[in-house]
Structure formats: structure tokens, C-alpha cells
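> Provided below: coords_34.cif, containing mmCIF, C-alpha atoms.
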data_entry
#
loop_
_atom_site.label_atom_id
_atom_site.label_comp_id
_atom_site.auth_asym_id
_atom_site.auth_seq_id
_atom_site.Cartn_x
_atom_site.Cartn_y
_atom_site.Cartn_z
CA MET A 1 -0.01 -11.57 20.53
CA ARG A 2 0.64 -8.43 18.56
CA ILE A 3 0.12 -9.33 14.97
CA LEU A 4 -0.73 -6.66 12.45
CA PRO A 5 -1.86 -8.31 9.25
CA ALA A 6 -1.62 -5.37 6.93
CA CYS A 7 -3.72 -7.01 4.29
CA VAL A 8 -6.74 -6.88 6.51
CA ALA A 9 -6.52 -3.17 6.99
CA LEU A 10 -5.53 -2.65 3.38
CA GLY A 11 -8.48 -4.56 2.10
CA ALA A 12 -11.00 -2.71 4.19
CA ALA A 13 -14.17 -1.40 2.60
CA SER A 14 -13.38 -0.77 -1.00
CA ILE A 15 -16.71 -0.89 -2.76
CA ALA A 16 -16.08 -0.24 -6.38
CA CYS A 17 -18.82 0.31 -8.89
CA ALA A 18 -16.92 1.35 -11.98
CA GLN A 19 -13.46 1.13 -13.50
CA GLU A 20 -11.94 0.90 -10.07
CA ALA A 21 -9.30 -1.22 -8.44
CA SER A 22 -9.85 -3.87 -5.80
CA PHE A 23 -8.32 -2.29 -2.70
CA THR A 24 -8.19 1.42 -3.40
CA PRO A 25 -11.49 3.09 -2.47
CA ALA A 26 -13.03 4.96 -5.37
CA ALA A 27 -14.89 8.25 -5.63
CA THR A 28 -17.85 6.78 -7.47
CA MET A 29 -21.19 5.71 -6.08
CA PRO A 30 -24.50 4.29 -7.28
CA GLY A 31 -27.50 6.47 -8.03
CA PRO A 32 -30.32 6.99 -5.51
CA GLY A 33 -32.12 3.75 -4.73
CA THR A 34 -29.45 1.60 -6.37
CA TRP A 35 -27.41 -1.02 -4.50
CA VAL A 36 -23.89 -2.22 -5.09
CA SER A 37 -22.73 -5.29 -3.22
CA HIS A 38 -19.21 -6.60 -3.14
CA VAL A 39 -17.93 -9.90 -1.78
CA MET A 40 -14.20 -10.40 -1.45
CA VAL A 41 -12.27 -13.39 -0.17
CA GLN A 42 -8.66 -12.79 0.76
CA GLY A 43 -6.03 -15.26 1.82
CA SER A 44 -2.82 -14.14 3.50
CA THR A 45 0.27 -15.73 4.95
CA PHE A 46 2.50 -14.23 7.62
CA PHE A 47 5.92 -14.74 9.03
CA SER A 48 8.01 -13.09 11.68
CA THR A 49 11.68 -12.86 12.40
CA GLY A 50 11.01 -11.29 15.80
CA PRO A 51 11.03 -12.90 19.24
CA GLU A 52 7.29 -13.49 19.14
CA GLY A 53 7.65 -15.81 16.17
CA VAL A 54 4.32 -14.84 14.70
CA ASP A 55 3.34 -16.79 11.62
CA GLY A 56 0.36 -18.49 10.06
CA TYR A 57 -2.42 -17.75 7.64
CA LEU A 58 -5.60 -15.75 7.59
CA ILE A 59 -8.64 -15.97 5.33
CA GLN A 60 -10.88 -12.94 5.27
CA GLU A 61 -14.28 -12.64 3.67
CA ASN A 62 -15.62 -9.12 3.26
CA THR A 63 -19.31 -8.59 2.63
CA MET A 64 -19.81 -5.01 1.58
CA ALA A 65 -22.81 -3.04 0.40
CA MET A 66 -23.37 0.52 -0.74
CA LEU A 67 -26.69 2.26 -1.30
CA GLY A 68 -27.17 5.51 -3.12
CA VAL A 69 -29.47 7.65 -0.97
CA ALA A 70 -29.36 10.93 -2.90
CA PRO A 71 -27.49 12.34 -5.87
CA GLY A 72 -23.86 12.35 -4.78
CA VAL A 73 -24.54 10.70 -1.42
CA ALA A 74 -24.24 7.02 -0.50
CA ILE A 75 -24.03 4.93 2.63
CA GLU A 76 -21.86 1.85 2.81
CA GLY A 77 -21.04 -0.94 5.20
CA ASN A 78 -18.60 -3.79 5.50
CA LEU A 79 -18.74 -6.79 7.82
CA PRO A 80 -15.68 -9.05 7.59
CA VAL A 81 -15.53 -12.68 8.64
CA PHE A 82 -12.20 -14.31 9.44
CA ASN A 83 -10.79 -17.77 9.62
CA GLY A 84 -7.19 -18.17 10.52
CA SER A 85 -4.38 -19.77 12.37
CA LEU A 86 -2.01 -17.16 13.69
CA GLY A 87 0.73 -18.70 15.73
CA SER A 88 3.13 -17.45 18.33
CA ASN A 89 6.02 -18.84 20.33
CA ASP A 90 3.63 -18.57 23.24
CA PRO A 91 0.97 -21.27 22.63
CA SER A 92 -1.51 -19.44 24.85
CA LYS A 93 -1.51 -16.56 22.38
CA ARG A 94 -2.38 -18.58 19.33
CA ILE A 95 -5.51 -17.56 17.45
CA LEU A 96 -7.30 -20.33 15.67
CA GLY A 97 -10.79 -20.45 14.29
CA THR A 98 -13.55 -18.35 12.80
CA GLY A 99 -14.94 -15.03 13.97
CA LEU A 100 -16.46 -11.73 13.00
CA GLY A 101 -14.44 -8.59 12.49
CA ASN A 102 -15.51 -5.03 13.13
CA LEU A 103 -18.48 -3.67 11.24
CA GLU A 104 -17.63 -0.52 9.31
CA VAL A 105 -20.25 1.99 8.28
CA ASP A 106 -19.75 5.30 6.54
CA VAL A 107 -21.28 8.02 4.45
CA LYS A 108 -19.71 8.92 1.13
CA LEU A 109 -20.19 12.41 -0.28
CA ARG A 110 -19.27 13.48 -3.78
CA LEU A 111 -17.25 16.67 -3.65
CA LEU A 112 -16.32 17.11 -7.27
CA LYS A 113 -17.42 15.75 -10.61
CA ILE A 114 -16.02 16.78 -13.95
CA ASP A 115 -17.14 14.77 -16.95
CA TYR A 116 -14.90 15.74 -19.84
CA ASP A 117 -16.50 13.69 -22.61
CA ALA A 118 -18.35 10.45 -23.23
CA ILE A 119 -15.89 8.41 -21.15
CA ASP A 120 -13.36 10.64 -19.40
CA THR A 121 -14.20 11.80 -15.91
CA LEU A 122 -12.72 13.07 -12.68
CA ARG A 123 -14.42 12.44 -9.34
CA VAL A 124 -13.51 13.33 -5.77
CA ALA A 125 -15.41 12.07 -2.74
CA ALA A 126 -15.10 12.19 1.03
CA THR A 127 -16.06 9.51 3.53
CA LEU A 128 -16.96 9.81 7.17
CA GLY A 129 -17.63 6.72 9.22
CA THR A 130 -16.76 4.50 12.10
CA GLN A 131 -15.82 1.00 13.11
CA VAL A 132 -18.29 -0.68 15.42
CA PRO A 133 -16.96 -3.29 17.88
CA THR A 134 -18.70 -6.38 16.56
CA GLY A 135 -15.63 -8.57 16.49
CA THR A 136 -15.47 -12.02 18.02
CA SER A 137 -12.77 -14.61 18.64
CA GLY A 138 -10.07 -11.99 18.81
CA TYR A 139 -10.73 -10.58 15.35
CA GLY A 140 -12.27 -7.25 16.34
CA ALA A 141 -11.58 -4.16 18.41
CA ASP A 142 -13.39 -3.29 21.62
CA SER A 143 -13.78 0.35 20.71
CA VAL A 144 -15.70 2.60 18.37
CA ASN A 145 -13.10 3.96 15.96
CA PRO A 146 -14.18 6.86 13.75
CA PHE A 147 -12.47 7.56 10.45
CA LEU A 148 -12.50 10.08 7.66
CA GLY A 149 -11.09 9.79 4.21
CA SER A 150 -11.11 10.94 0.65
CA ALA A 151 -10.82 9.32 -2.73
CA MET A 152 -10.11 10.52 -6.24
CA THR A 153 -10.93 8.65 -9.43
CA TRP A 154 -9.67 9.85 -12.79
CA ILE A 155 -10.55 7.99 -15.97
CA ALA A 156 -9.00 9.01 -19.26
CA GLY A 157 -9.67 6.72 -22.19
CA ARG A 158 -8.33 3.28 -21.40
CA HIS A 159 -6.54 4.45 -18.26
CA GLY A 160 -7.97 4.78 -14.79
CA VAL A 161 -6.12 6.26 -11.82
CA GLY A 162 -7.28 6.12 -8.22
CA LEU A 163 -5.92 7.79 -5.11
CA SER A 164 -7.24 7.41 -1.59
CA ALA A 165 -6.36 8.29 1.98
CA ARG A 166 -8.08 7.43 5.22
CA TRP A 167 -7.27 8.39 8.78
CA MET A 168 -8.69 6.26 11.57
CA PHE A 169 -8.82 7.45 15.16
CA ASN A 170 -8.46 4.55 17.55
CA THR A 171 -10.25 5.24 20.78
CA GLY A 172 -9.35 2.05 22.62
CA GLU A 173 -6.98 -0.85 22.79
CA THR A 174 -7.74 -4.53 22.80
CA PHE A 175 -5.92 -6.59 25.42
CA ASP A 176 -4.58 -8.96 22.80
CA PRO A 177 -4.63 -7.05 19.53
CA VAL A 178 -4.56 -8.79 16.19
CA PHE A 179 -5.07 -5.99 13.71
CA ALA A 180 -3.87 -2.45 13.31
CA THR A 181 -7.20 -1.03 14.36
CA GLN A 182 -7.10 -2.92 17.64
CA THR A 183 -4.11 -1.06 18.99
CA ASN A 184 -4.23 2.42 20.47
CA ALA A 185 -2.39 3.87 17.49
CA ASP A 186 -4.17 5.97 14.91
CA MET A 187 -3.77 4.75 11.37
CA LEU A 188 -3.26 6.37 7.97
CA HIS A 189 -4.08 4.15 5.01
CA CYS A 190 -3.17 5.37 1.54
CA GLY A 191 -3.87 3.68 -1.76
CA MET A 192 -2.91 4.27 -5.36
CA SER A 193 -4.17 2.33 -8.35
CA TRP A 194 -3.78 2.25 -12.10
CA LEU A 195 -6.08 0.32 -14.37
CA TYR A 196 -5.64 -0.22 -18.08
CA ARG A 197 -8.55 -1.40 -20.20
CA LEU A 198 -7.32 -4.41 -22.12
CA ALA A 199 -10.55 -4.94 -24.01
CA PRO A 200 -12.37 -3.53 -25.77
CA GLN A 201 -9.90 -1.08 -27.27
CA GLU A 202 -12.83 1.15 -28.18
CA TYR A 203 -16.32 0.94 -26.79
CA GLY A 204 -19.20 0.53 -29.16
CA GLN A 205 -22.91 -0.04 -28.94
CA GLU A 206 -22.39 -3.79 -28.64
CA HIS A 207 -19.88 -3.68 -25.81
CA ARG A 208 -21.29 -4.58 -22.44
CA GLU A 209 -18.19 -5.88 -20.70
CA ALA A 210 -14.62 -4.81 -20.23
CA TRP A 211 -11.35 -6.38 -19.05
CA TYR A 212 -8.79 -4.43 -17.10
CA PHE A 213 -5.26 -4.98 -15.88
CA GLN A 214 -4.72 -3.31 -12.54
CA THR A 215 -1.76 -2.43 -10.36
CA GLU A 216 -2.16 -1.16 -6.84
CA MET A 217 0.12 0.26 -4.19
CA GLN A 218 -1.08 0.30 -0.62
CA GLY A 219 0.53 1.94 2.38
CA ILE A 220 -0.13 1.99 6.09
CA TYR A 221 1.37 4.25 8.69
CA GLU A 222 0.50 4.07 12.36
CA THR A 223 1.31 6.54 15.05
CA ASP A 224 3.18 3.88 17.01
CA GLY A 225 5.75 3.81 14.22
CA SER A 226 4.58 0.81 12.28
CA ALA A 227 4.50 1.18 8.53
CA GLN A 228 3.99 -1.05 5.57
CA TRP A 229 4.02 -0.67 1.80
CA SER A 230 2.82 -3.29 -0.64
CA ILE A 231 2.21 -3.57 -4.37
CA GLY A 232 0.57 -6.05 -6.64
CA PRO A 233 -1.12 -6.71 -9.97
CA GLY A 234 -4.63 -7.89 -10.66
CA ILE A 235 -7.27 -8.47 -13.27
CA LEU A 236 -10.81 -7.09 -13.36
CA MET A 237 -13.67 -8.16 -15.59
CA GLU A 238 -16.62 -5.82 -15.49
CA GLY A 239 -20.05 -6.46 -16.94
CA THR A 240 -23.18 -4.37 -16.69
CA ARG A 241 -24.49 -6.01 -13.53
CA PHE A 242 -21.48 -7.75 -12.06
CA ALA A 243 -17.70 -7.75 -11.96
CA PHE A 244 -15.05 -10.32 -11.13
CA GLU A 245 -11.61 -9.52 -9.81
CA PHE A 246 -8.44 -11.26 -8.81
CA ALA A 247 -5.42 -9.56 -7.32
CA ILE A 248 -2.35 -10.20 -5.24
CA GLN A 249 -0.35 -7.95 -2.94
CA LEU A 250 3.31 -8.40 -2.14
CA PRO A 251 5.25 -6.48 0.52
CA VAL A 252 7.73 -3.93 -0.79
CA TRP A 253 8.85 -2.53 2.54
CA GLU A 254 7.78 -3.26 6.09
CA ASN A 255 8.66 -1.84 9.43
CA SER A 256 6.83 -4.44 11.42
CA PHE A 257 6.79 -3.01 14.86
CA ASN A 258 5.51 -5.68 17.27
CA ARG A 259 3.77 -7.60 14.57
CA GLY A 260 4.12 -10.28 11.98
CA ASN A 261 5.00 -9.50 8.41
CA SER A 262 2.71 -10.40 5.59
CA ASN A 263 4.54 -12.10 2.77
CA PHE A 264 1.74 -12.83 0.33
CA MET A 265 -1.90 -11.99 -0.10
CA ALA A 266 -4.27 -13.17 -2.81
CA MET A 267 -7.83 -11.96 -3.28
CA ALA A 268 -10.81 -12.90 -5.42
CA GLY A 269 -13.99 -10.87 -5.48
CA LEU A 270 -17.41 -10.43 -7.02
CA ARG A 271 -19.35 -7.19 -7.33
CA PHE A 272 -23.03 -6.86 -8.10
CA LEU A 273 -25.18 -3.90 -9.08
CA PHE A 274 -28.89 -3.99 -8.28
CA MET B 1 -5.43 32.34 -21.89
CA PRO B 2 -5.45 29.17 -23.97
CA LEU B 3 -8.85 27.85 -24.87
CA GLN B 4 -8.19 24.49 -23.26
CA THR B 5 -7.18 26.13 -19.98
CA MET B 6 -10.30 28.28 -19.99
CA GLY B 7 -12.38 25.19 -20.56
CA ARG B 8 -10.76 23.36 -17.65
CA ILE B 9 -11.31 26.29 -15.31
CA ALA B 10 -14.91 26.66 -16.37
CA ALA B 11 -15.50 22.95 -16.03
CA ALA B 12 -13.99 22.91 -12.55
CA LEU B 13 -16.14 25.86 -11.44
CA ALA B 14 -19.26 24.25 -12.83
CA ALA B 15 -18.46 21.00 -11.05
CA LEU B 16 -18.19 22.52 -7.59
CA ALA B 17 -21.16 21.62 -5.48
CA ALA B 18 -21.28 25.13 -4.07
CA LEU B 19 -21.75 26.58 -7.54
CA PRO B 20 -24.31 24.30 -9.13
CA ALA B 21 -25.80 26.95 -11.34
CA CYS B 22 -22.70 28.80 -12.44
CA GLU B 23 -22.55 29.84 -16.04
CA TYR B 24 -19.63 30.38 -18.37
CA THR B 25 -19.84 31.82 -21.81
CA TYR B 26 -16.28 31.89 -23.07
CA SER B 27 -16.43 31.29 -26.77
CA ASP B 28 -14.32 31.48 -29.88
CA ASP B 29 -14.49 29.96 -33.31
CA ARG B 30 -15.30 26.60 -31.75
CA GLY B 31 -18.36 28.03 -30.10
CA LEU B 32 -19.62 27.80 -26.55
CA MET B 33 -17.75 25.63 -24.09
CA GLU B 34 -19.63 22.49 -23.26
CA ARG B 35 -20.66 21.94 -19.68
CA SER B 36 -19.11 19.20 -17.56
CA THR B 37 -22.04 18.91 -15.17
CA THR B 38 -25.73 18.76 -15.92
CA ASP B 39 -27.22 22.23 -16.27
CA ARG B 40 -29.67 23.00 -13.49
CA ALA B 41 -32.08 24.48 -16.03
CA MET B 42 -32.23 21.10 -17.75
CA LEU B 43 -33.11 19.41 -14.47
CA THR B 44 -36.12 21.64 -13.97
CA ASP B 45 -37.34 21.72 -17.57
CA GLN B 46 -40.96 20.55 -17.49
CA THR B 47 -41.31 20.52 -21.27
CA THR B 48 -42.92 17.28 -22.39
CA VAL B 49 -40.98 15.26 -24.92
CA THR B 50 -43.36 14.44 -27.75
CA THR B 51 -41.36 12.41 -30.25
CA SER B 52 -39.96 8.97 -29.46
CA PRO B 53 -37.14 8.10 -29.52
CA VAL B 54 -35.11 10.91 -28.01
CA ILE B 55 -31.30 10.95 -27.85
CA LEU B 56 -29.44 11.99 -24.73
CA ASN B 57 -25.80 13.04 -25.09
CA VAL B 58 -24.19 11.84 -21.86
CA LYS B 59 -20.69 12.37 -20.49
CA GLY B 60 -18.72 10.28 -18.03
CA MET B 61 -19.91 6.77 -18.98
CA SER B 62 -16.56 5.26 -18.26
CA CYS B 63 -17.57 1.65 -17.69
CA PRO B 64 -20.29 -0.94 -18.33
CA LYS B 65 -21.74 -0.45 -14.85
CA CYS B 66 -22.16 3.25 -15.54
CA VAL B 67 -24.34 2.22 -18.45
CA THR B 68 -26.45 0.10 -16.14
CA ASN B 69 -26.76 2.98 -13.70
CA VAL B 70 -28.29 5.10 -16.47
CA ASP B 71 -30.54 2.24 -17.57
CA ILE B 72 -31.84 1.79 -14.02
CA GLN B 73 -32.61 5.47 -13.50
CA LEU B 74 -34.27 5.88 -16.91
CA ALA B 75 -36.40 2.78 -16.39
CA ARG B 76 -37.90 4.40 -13.29
CA ILE B 77 -39.47 7.15 -15.37
CA PRO B 78 -43.11 6.27 -16.10
CA GLY B 79 -43.50 5.87 -19.83
CA VAL B 80 -39.89 4.97 -20.66
CA GLN B 81 -39.93 1.64 -22.50
CA LYS B 82 -36.37 1.02 -23.56
CA SER B 83 -32.96 2.65 -23.65
CA SER B 84 -29.90 1.70 -25.65
CA ILE B 85 -26.47 3.17 -25.12
CA ASP B 86 -23.41 3.64 -27.28
CA MET B 87 -20.51 4.16 -24.87
CA SER B 88 -18.13 5.34 -27.56
CA THR B 89 -20.27 8.35 -28.40
CA GLY B 90 -22.15 8.78 -25.16
CA LYS B 91 -25.46 8.68 -26.99
CA VAL B 92 -28.41 7.19 -25.11
CA VAL B 93 -31.42 6.42 -27.27
CA VAL B 94 -34.59 6.45 -25.16
CA ASN B 95 -37.84 4.98 -26.44
CA PHE B 96 -40.94 5.98 -24.53
CA ASP B 97 -44.70 6.11 -24.71
CA PRO B 98 -45.53 9.63 -26.01
CA THR B 99 -48.85 9.57 -24.17
CA LYS B 100 -47.13 9.40 -20.77
CA HIS B 101 -45.86 13.00 -20.70
CA VAL B 102 -42.19 12.30 -20.18
CA THR B 103 -40.48 15.61 -19.47
CA ARG B 104 -37.01 16.72 -20.47
CA GLY B 105 -36.35 17.45 -16.82
CA ALA B 106 -37.16 13.86 -15.83
CA LEU B 107 -34.69 12.56 -18.40
CA ALA B 108 -32.05 15.01 -17.22
CA LYS B 109 -32.62 14.07 -13.58
CA ALA B 110 -32.28 10.37 -14.39
CA VAL B 111 -28.89 10.97 -15.96
CA ASP B 112 -27.83 13.26 -13.13
CA ASP B 113 -28.97 10.77 -10.48
CA SER B 114 -26.88 8.08 -12.13
CA GLY B 115 -23.84 10.25 -11.45
CA LEU B 116 -23.24 11.28 -15.04
CA THR B 117 -23.60 14.50 -16.99
CA LEU B 118 -26.28 15.26 -19.54
CA ALA B 119 -24.76 17.51 -22.19
CA SER B 120 -27.77 17.88 -24.41
CA ILE B 121 -31.02 16.31 -25.61
CA GLU B 122 -31.68 15.67 -29.28
CA GLY B 123 -35.35 15.46 -30.19
CA LYS B 124 -38.57 17.20 -29.44
#
In C-alpha cells, write the structure found in this file.


Amino acid sequence: MRILPACVALGAASIACAQEASFTPAATMPGPGTWVSHVMVQGSTFFSTGPEGVDGYLIQENTMAMLGVAPGVAIEGNLPVFNGSLGSNDPSKRILGTGLGNLEVDVKLRLLKIDYDAIDTLRVAATLGTQVPTGTSGYGADSVNPFLGSAMTWIAGRHGVGLSARWMFNTGETFDPVFATQTNADMLHCGMSWLYRLAPQEYGQEHREAWYFQTEMQGIYETDGSAQWSIGPGILMEGTRFAFEFAIQLPVWENSFNRGNSNFMAMAGLRFLF
Amino acid sequence: MPLQTMGRIAAALAALAALPACEYTYSDDRGLMERSTTDRAMLTDQTTVTTSPVILNVKGMSCPKCVTNVDIQLARIPGVQKSSIDMSTGKVVVNFDPTKHVTRGALAKAVDDSGLTLASIEGK
């Protein structure tokens, strides 16, 4: 079965700790000795018009954590758990059940920080990490796949803009791949986000929470020719110690090469700062 | 060159990790450009703050969690009792025990460690 649920790759390891969108990795990080944890649950449905007839659903739970280890340096990890039913015209290639995905670990380095005033800021960070083959039940890759990326976060008043790009080198190929990172194709994942602070209009001494509307565009390109572009709105409520988010992603354009198409993805998440 | 452009260039230079101690002194009738990263001299200032409270003027507090980041780092300084933050102005009011020898450098480092920029300290 060659299914490529884009949402899984798109939702990989975005640990936000500020005015940042759900799927687009941000350039911010906690201070030394401070933890940020992030739990996301995503549900996706798939369909296929191809001969393989791939369809079904997938539920993904991401447990992510980031620890500030020095000023401008953080380490982060993400271990996904999957439950799904991904069908095929060939019953022997049906995936059903629960399993672990690949563990991802990386180091995030702040490259640039410009704080313009009390609120406005521009940050740029780089990440260097790898996927570790911890997957079970067909949900993981059998290879160690290194990746490098960068992220930019720009906050100006009530607006927040995020840009990210990540290139993953795939060093192996799973016999029966499910996800993009299980094939032998390298992958470029790009994200763009815009957040608008709905409330409060102006911060004051009494304000300790904020509501944001968010819109995100996500894109995947793989060196085997597969590509996918999705967009979707969301809502983010951020307090001082936690945040709640809900977002959906809808496909705008897909060139689903040997894979099923995703037609809807919904996500709910919680973030905590310790 | 327009003042705003000069400010952006200076801010970008000061923000580069490779130039942590760079200085810029462009000035006009508005006075000295404000820094966009914490001055290294502030981080190493061992002068003891004697009067509580002290006010920190902080830049880049773009969200409630940023506020908590500052709170967490300040609370780790021995002697700091309480901090309150006004996000609209970037002013952080820090109450501390004057007998604990809290230094200006420790306050600056706490803000810097939280990923924000300390523009200035009001108080002695």
C-alpha cells in the first residue's frame, strides 16, 4: 500500500510557545530550564481515485516537548501514536489498528532576534534533527532520516506571520510505506501562517489570555514528484501557562503520486508551559 | 538615510549572534536609537539594586506565554519576591528583598534568558 497521508507529515513537530500557529513551526523557544509540552490529536479522512482504491481514516496523537537548554538553544522531540483504518483494493494491504510512529528529535538554534518594541518582534531559528525508526504496525519508517529546517516568526501588533521550511533526507524505504517519510524520496515541507489577535484589542496589565484567528497554508514536495498543498482556518486561545487550539486543513491542490488523497483533517491541541 | 532605515539596520546588526556587543550611536533630535537586543554590558552589570520595586522595560512580549517566561526566569533569582507585567507598555515591576543583593545583571540575564530584550532598568 502506498498511501501518503499528507496531514501526518504536515502536522509533524510544531511546538509553539507564543503567538504561533498549529502546524507551522515557529522560531520561538522557552528559556533555559523551561519546558513546553504540546499534545495534538488529529483526525483525517482519505480517498483515492486511483487503481489502489486507498481510503479510510487516520487518528494521530502527537506528544511533543521542548526544553530550553541555553539562551537561544532548545531541544525538542515528538512521538506520534496512530490509530487508523487505511483500506486498499487489496485486502492484504489494509492497515488497521494502533501503533507508534517515528520519534523525531532536533535541536533548535535562534539565529536572529529583533525586538522592535513592547510587543513587536522578529525571530529566525534553524533546526537540525532526525527521525528515529520507532514505528510499529506499519506507521513508521525503518531508517534514520535526518532533517534540517528554518522558521521565521514576525509579530506586529495584532498580526503574527510565520514561515517555515524543512528538508528531510530519507535514507531508506519501507517495504510497505504509509507515510511520505517512509518512501525513498526526500521531502520538502513548507508552511505559512497568519494569526490575528481577536481579543484583547490592546494588552493591559490585567490581560493574561488572548484569542487568535489563524489561517495556515502547508505544502509538501517530494523528490518522487508527489506534491500537496492545503489550507485551513483555526482558533487559538493562549493563557499564561496553557493554550488550546482547533484547526482544520483542506486540500487545495494535490498531485497524489501513488498515494491516497486527504480530503479533510481536523485537529485539536493543548500546549503547556512549565 | 532616513532615520527609520538607520534604526532597522542598526537593530539588525545588533541582533546578529556574531555581533553581540556591537554598538550604534546614530542620533538626531529623537536621541539615541534604542537597542533591539539586550546590551551585553547590562548582562554583566554587578551593581546591586537597592530600592524595591525596580521597573524593567522589556521588548518583545508578544503573548501571554512570553509573560510567563519572564516570570519564571525572574522567580529563579534569589531575593525576587514578585513580578507584575503590563504587556501594553512592556514594563515589568519587580519586587525583591533588598537584603539579598539582587544585581542589575541578574535581572538583565533573566529577561535575556526568557528570549526577550531588556531595554532599560528604572530604579536604583

> Enumerate as a ChimeraX atom specification the residues belonging to chain A that approach chain B to within 10 Å, with all atoms listed in the file taken into account.

/A:17-20,28-34,68,70-72,110-123,154-158,160,197,202-210,238-243,272-274

> Show me, as lines of an AutoDock Vina configuration file, the centre and edge lengths in Å to one decimal of the axis-aligned box that covers every listed atom of segment 88-103 of chain B with 4 Å on each side.


center_x = -33.5
center_y = 10.3
center_z = -23.9
size_x = 38.7
size_y = 18.6
size_z = 16.9

> For a test of reading the model, state the distance in Å between atom CA of Tyr57 of chain A and atom CA of Val39 of chain A, rounded to one decimal.

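Between these atoms lies a distance of 19.8 Å.
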
> Any chance you could resolve the PyMOL selection byres ((chain B and resi 54) around 9) against this file and give the residues as a VMD selection string?

chain B and resid 49 to 53 55 to 56 92 to 96 121 to 124

> Provide the atom CA of Gly232 of chain A to atom CA of Gln218 of chain A distance in Å, to one decimal place.

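We find that atom CA of Gly232 of chain A and atom CA of Gln218 of chain A lie 8.9 Å from each other.
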
> What is the atom CA of Ala227 of chain A-atom CA of Asn263 of chain A distance in Å, reported with one decimal?

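Separation between atom CA of Ala227 of chain A and atom CA of Asn263 of chain A: 14.5 Å.
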
> Care to translate the PyMOL selection byres ((chain A and resi 225) around 9) into actual residues of this file, as a PyMOL selection string?

chain A and resi 185+221-224+226-227+255-257

> Nearest residue to Leu58 of chain A out of A:Gln249, A:Asn78, A:Thr98, A:Ser22, using all atoms listed in the file?

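Ranking A:Gln249, A:Asn78, A:Thr98, A:Ser22 by distance to Leu58 of chain A, first place goes to A:Thr98.
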